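Just below is one structure, and these are the notes that go with it.
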Amino acid sequence: MTPGWRAAARAVLLAVVLSAVLAGAAIIDQAGGRSLADHVTAMYAPYGKRPDPNLIYSLVYAVAAVGALLWLLVVRAVRSRRRSASVLAVVVTVITAALALLLFGASEYGTQLFPPLWGILAILPAAAGVFAVVLLRRRPAH
């Protein structure tokens with residue numbers, strides 16, 4: 001495995017870890033701080049609605065789980081040095097970025113469902129994916 005592919009494998013592993021960080025942040029918040037639940041409750045209160053905070057946390061967990069599973073597929077492709085690894089990395093980067101944009105852009109009653117921190121945490125794996133794609137697409141110097 002060339003140094004570029006080894007570095008790409010580390011970048012993809014970083015994307016897996018960052019997906020786990022998103023899930024871990026949601027677990028910690030749900031168990032303790034409840035900032036996301038408080039945000040959603042305050043957002044719906046003027047409209048007389050009582051949201052289920054567990055649904056909001058479930059969306060974060062789903063984004064983190066899908067991202068981690070997709071990045072694990074990329075890890076496998078990179079480690080086996082498949083030619084399709086860079087294409088798969090691009091596809092997974094686009095999917096995970098789209099999921100992060102879902103968290104950034106979801107709104108109701110003119111207010112974002114998720115505070116920006118959650119969108120930032122969700123976009124970090126895609127950022128690592130962009131780095132991995134660059135490393136995978138680079139041609140080795142002869």
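In the structure tokens, chains take letters A, B, ... by order of appearance, with residues numbered from 1 within each chain and ligands from 1 in the order shown.
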Got a sec: who's within 7 Å of region 94-96 of chain A, counting only C-alpha atoms, leaving out chain neighbours fewer than 3 positions off, as number ranges by chain? A: 67, 90-91, 99-100, 126
Would you export the selected residues with N, CA, C and O atoms as a PDB file, in the first residue's frame, please?
ATOM      1  N   GLY A  67     -23.880   7.105   8.466  1.00  0.00           N
ATOM      2  CA  GLY A  67     -22.542   7.579   8.110  1.00  0.00           C
ATOM      3  C   GLY A  67     -21.459   6.593   8.495  1.00  0.00           C
ATOM      4  O   GLY A  67     -20.588   6.258   7.680  1.00  0.00           O
ATOM      5  N   VAL A  90     -16.162   9.084  -2.881  1.00  0.00           N
ATOM      6  CA  VAL A  90     -16.884  10.270  -3.364  1.00  0.00           C
ATOM      7  C   VAL A  90     -18.375  10.121  -3.084  1.00  0.00           C
ATOM      8  O   VAL A  90     -19.025  11.048  -2.581  1.00  0.00           O
ATOM      9  N   VAL A  91     -18.925   8.954  -3.411  1.00  0.00           N
ATOM     10  CA  VAL A  91     -20.363   8.720  -3.206  1.00  0.00           C
ATOM     11  C   VAL A  91     -20.718   8.844  -1.726  1.00  0.00           C
ATOM     12  O   VAL A  91     -21.700   9.507  -1.362  1.00  0.00           O
ATOM     13  N   LEU A  99     -26.742  14.252   4.343  1.00  0.00           N
ATOM     14  CA  LEU A  99     -27.358  14.006   5.652  1.00  0.00           C
ATOM     15  C   LEU A  99     -27.052  15.145   6.623  1.00  0.00           C
ATOM     16  O   LEU A  99     -27.921  15.563   7.404  1.00  0.00           O
ATOM     17  N   ALA A 100     -25.829  15.655   6.565  1.00  0.00           N
ATOM     18  CA  ALA A 100     -25.470  16.788   7.429  1.00  0.00           C
ATOM     19  C   ALA A 100     -26.283  18.022   7.055  1.00  0.00           C
ATOM     20  O   ALA A 100     -26.755  18.755   7.930  1.00  0.00           O
ATOM     21  N   ALA A 126     -17.887  14.071   6.506  1.00  0.00           N
ATOM     22  CA  ALA A 126     -17.788  14.366   5.070  1.00  0.00           C
ATOM     23  C   ALA A 126     -16.522  15.160   4.768  1.00  0.00           C
ATOM     24  O   ALA A 126     -15.894  14.961   3.716  1.00  0.00           O
TER      25      ALA A 126
END
Excluding Ala97 (chain A) and residues on its chain fewer than 6 positions from it, collect all residues at most 12 Å away from it, counting only C-alpha atoms, and give them as a VMD selection string. chain A and resid 15 19 63 to 64 66 to 67 89 to 91 103 to 105 119 to 130
Take the residues just selected and output them with N, CA and C atoms as a short mmCIF file (atom, residue, chain, number, x, y, z; two decimals), in the first residue's frame.
data_model
loop_
_atom_site.label_atom_id
_atom_site.label_comp_id
_atom_site.auth_asym_id
_atom_site.auth_seq_id
_atom_site.Cartn_x
_atom_site.Cartn_y
_atom_site.Cartn_z
N ALA A 15 -13.22 9.54 9.51
CA ALA A 15 -14.64 9.77 9.21
C ALA A 15 -15.53 8.84 10.03
N SER A 19 -18.16 10.11 12.90
CA SER A 19 -19.56 9.67 12.92
C SER A 19 -19.93 9.18 14.32
N VAL A 63 -28.44 9.56 11.37
CA VAL A 63 -27.39 10.17 10.55
C VAL A 63 -26.02 9.62 10.93
N ALA A 64 -25.76 9.50 12.21
CA ALA A 64 -24.46 8.98 12.68
C ALA A 64 -24.28 7.52 12.29
N VAL A 66 -25.84 5.69 9.85
CA VAL A 66 -25.71 5.52 8.40
C VAL A 66 -24.32 5.96 7.95
N GLY A 67 -23.88 7.11 8.47
CA GLY A 67 -22.54 7.58 8.11
C GLY A 67 -21.46 6.59 8.50
N ALA A 89 -15.66 6.43 -2.13
CA ALA A 89 -15.40 7.52 -1.18
C ALA A 89 -16.13 8.80 -1.60
N VAL A 90 -16.16 9.08 -2.88
CA VAL A 90 -16.88 10.27 -3.36
C VAL A 90 -18.38 10.12 -3.08
N VAL A 91 -18.93 8.95 -3.41
CA VAL A 91 -20.36 8.72 -3.21
C VAL A 91 -20.72 8.84 -1.73
N LEU A 103 -29.58 18.05 8.65
CA LEU A 103 -29.58 18.58 10.01
C LEU A 103 -29.42 20.10 10.02
N PHE A 104 -28.61 20.63 9.10
CA PHE A 104 -28.43 22.08 9.01
C PHE A 104 -29.71 22.78 8.54
N GLY A 105 -30.39 22.17 7.57
CA GLY A 105 -31.48 22.86 6.90
C GLY A 105 -32.88 22.57 7.39
N GLY A 119 -25.29 20.32 13.11
CA GLY A 119 -24.95 20.26 11.70
C GLY A 119 -23.45 20.23 11.48
N ILE A 120 -22.73 21.00 12.30
CA ILE A 120 -21.27 21.00 12.20
C ILE A 120 -20.71 19.63 12.55
N LEU A 121 -21.20 19.05 13.63
CA LEU A 121 -20.74 17.70 14.00
C LEU A 121 -21.06 16.69 12.91
N ALA A 122 -22.19 16.87 12.24
CA ALA A 122 -22.59 15.93 11.19
C ALA A 122 -21.77 16.10 9.91
N ILE A 123 -21.27 17.31 9.64
CA ILE A 123 -20.52 17.55 8.40
C ILE A 123 -19.05 17.13 8.53
N LEU A 124 -18.55 16.98 9.74
CA LEU A 124 -17.13 16.65 9.92
C LEU A 124 -16.72 15.33 9.24
N PRO A 125 -17.53 14.25 9.30
CA PRO A 125 -17.12 13.04 8.58
C PRO A 125 -16.99 13.27 7.07
N ALA A 126 -17.89 14.07 6.51
CA ALA A 126 -17.79 14.37 5.07
C ALA A 126 -16.52 15.16 4.77
N ALA A 127 -16.12 16.05 5.68
CA ALA A 127 -14.88 16.80 5.48
C ALA A 127 -13.68 15.86 5.47
N ALA A 128 -13.68 14.89 6.37
CA ALA A 128 -12.61 13.87 6.36
C ALA A 128 -12.68 13.07 5.07
N GLY A 129 -13.88 12.83 4.57
CA GLY A 129 -14.06 12.11 3.31
C GLY A 129 -13.47 12.86 2.13
N VAL A 130 -13.64 14.18 2.11
CA VAL A 130 -13.05 14.98 1.03
C VAL A 130 -11.53 14.83 1.05
#
Selection: 10 Å around region 75-79 of chain A, only C-alpha atoms, excl. self and same-chain fewer than 2 positions, as a VMD selection string: chain A and resid 1 5 to 6 8 to 13 15 to 16 69 to 73 81 to 86 88 to 89 132 136
Could you write out that same residue set with N, CA, C and O atoms as a CSV table (one decimal), in the first residue's frame?
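This is the output file result_32.csv:
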chain,number,residue,atom,x,y,z
A,1,MET,N,0.9,-1.2,0.0
A,1,MET,CA,0.0,0.0,0.0
A,1,MET,C,0.9,1.2,0.0
A,1,MET,O,1.8,1.3,0.8
A,5,TRP,N,-2.3,5.9,0.0
A,5,TRP,CA,-3.4,5.0,0.3
A,5,TRP,C,-3.5,4.8,1.8
A,5,TRP,O,-4.5,4.7,2.4
A,6,ARG,N,-2.3,4.7,2.5
A,6,ARG,CA,-2.3,4.6,3.9
A,6,ARG,C,-2.9,5.8,4.6
A,6,ARG,O,-3.7,5.7,5.5
A,8,ALA,N,-5.0,7.9,3.2
A,8,ALA,CA,-6.4,7.9,2.9
A,8,ALA,C,-7.2,6.9,3.8
A,8,ALA,O,-8.3,7.3,4.2
A,9,ALA,N,-6.6,5.8,4.1
A,9,ALA,CA,-7.2,4.9,5.0
A,9,ALA,C,-7.4,5.5,6.4
A,9,ALA,O,-8.4,5.3,7.0
A,10,ARG,N,-6.4,6.2,6.8
A,10,ARG,CA,-6.5,6.9,8.1
A,10,ARG,C,-7.6,8.0,8.1
A,10,ARG,O,-8.3,8.2,9.0
A,11,ALA,N,-7.7,8.7,6.9
A,11,ALA,CA,-8.7,9.7,6.8
A,11,ALA,C,-10.1,9.1,6.8
A,11,ALA,O,-11.0,9.7,7.4
A,12,VAL,N,-10.2,8.0,6.2
A,12,VAL,CA,-11.5,7.3,6.2
A,12,VAL,C,-11.9,6.8,7.6
A,12,VAL,O,-13.0,6.9,8.1
A,13,LEU,N,-10.9,6.3,8.3
A,13,LEU,CA,-11.1,5.9,9.7
A,13,LEU,C,-11.5,7.1,10.6
A,13,LEU,O,-12.3,6.9,11.5
A,15,ALA,N,-13.2,9.5,9.5
A,15,ALA,CA,-14.6,9.8,9.2
A,15,ALA,C,-15.5,8.8,10.0
A,15,ALA,O,-16.6,9.3,10.5
A,16,VAL,N,-15.1,7.6,10.2
A,16,VAL,CA,-15.9,6.7,11.1
A,16,VAL,C,-15.9,7.2,12.5
A,16,VAL,O,-16.9,7.2,13.1
A,69,LEU,N,-21.6,3.4,9.1
A,69,LEU,CA,-21.7,2.1,8.2
A,69,LEU,C,-21.2,2.3,6.8
A,69,LEU,O,-20.4,1.5,6.3
A,70,LEU,N,-21.5,3.5,6.2
A,70,LEU,CA,-21.0,3.8,4.9
A,70,LEU,C,-19.5,3.9,4.9
A,70,LEU,O,-18.8,3.5,4.0
A,71,TRP,N,-19.0,4.6,5.9
A,71,TRP,CA,-17.6,4.9,5.9
A,71,TRP,C,-16.8,3.5,6.2
A,71,TRP,O,-15.7,3.4,5.7
A,72,LEU,N,-17.4,2.6,6.9
A,72,LEU,CA,-16.8,1.3,7.1
A,72,LEU,C,-16.7,0.6,5.8
A,72,LEU,O,-15.7,-0.2,5.6
A,73,LEU,N,-17.7,0.7,4.9
A,73,LEU,CA,-17.6,0.1,3.6
A,73,LEU,C,-16.4,0.7,2.8
A,73,LEU,O,-15.6,0.0,2.1
A,81,ARG,N,-7.5,-2.1,-1.5
A,81,ARG,CA,-6.9,-1.4,-2.6
A,81,ARG,C,-7.7,-1.6,-3.9
A,81,ARG,O,-7.2,-1.7,-5.0
A,82,ARG,N,-9.0,-1.6,-3.8
A,82,ARG,CA,-9.9,-1.7,-4.9
A,82,ARG,C,-9.8,-0.4,-5.7
A,82,ARG,O,-9.7,0.7,-5.1
A,83,ARG,N,-9.9,-0.5,-7.0
A,83,ARG,CA,-9.9,0.7,-7.9
A,83,ARG,C,-11.1,1.6,-7.6
A,83,ARG,O,-11.1,2.8,-7.8
A,84,SER,N,-12.2,0.9,-7.2
A,84,SER,CA,-13.4,1.6,-7.0
A,84,SER,C,-13.5,2.4,-5.6
A,84,SER,O,-14.4,3.1,-5.3
A,85,ALA,N,-12.4,2.3,-4.9
A,85,ALA,CA,-12.4,2.9,-3.5
A,85,ALA,C,-12.6,4.4,-3.6
A,85,ALA,O,-13.3,5.0,-2.8
A,86,SER,N,-11.9,5.1,-4.6
A,86,SER,CA,-12.1,6.5,-4.7
A,86,SER,C,-13.5,6.9,-5.1
A,86,SER,O,-14.0,7.9,-4.6
A,88,LEU,N,-16.2,5.1,-4.5
A,88,LEU,CA,-17.1,4.9,-3.4
A,88,LEU,C,-16.9,6.0,-2.3
A,88,LEU,O,-17.9,6.4,-1.7
A,89,ALA,N,-15.7,6.4,-2.1
A,89,ALA,CA,-15.4,7.5,-1.2
A,89,ALA,C,-16.1,8.8,-1.6
A,89,ALA,O,-16.7,9.5,-0.8
A,132,ALA,N,-9.9,12.3,2.2
A,132,ALA,CA,-9.6,10.9,1.8
A,132,ALA,C,-9.6,10.8,0.2
A,132,ALA,O,-8.8,10.2,-0.4
A,136,LEU,N,-6.8,9.6,-2.3
A,136,LEU,CA,-7.0,8.5,-3.2
A,136,LEU,C,-6.8,8.8,-4.7
A,136,LEU,O,-6.4,8.0,-5.5
In chain A, DSSP helix (DSSP H, G or I) residues written as a ChimeraX atom specification: /A:3-33,35-47,53-79,85-105,116-137
What gap, in Å, lies between CA of Asp38 (chain A) and CA of Pro53 (chain A)?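 We find that CA of Asp38 (chain A) and CA of Pro53 (chain A) lie 8.3 Å from each other.
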Distance criterion (only C-alpha atoms): nearest to Leu101 (chain A) out of A:Ala25, A:Ala65, A:Leu113, A:Leu36: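 Counting only C-alpha atoms, the residue closest to Leu101 (chain A) is A:Leu113.
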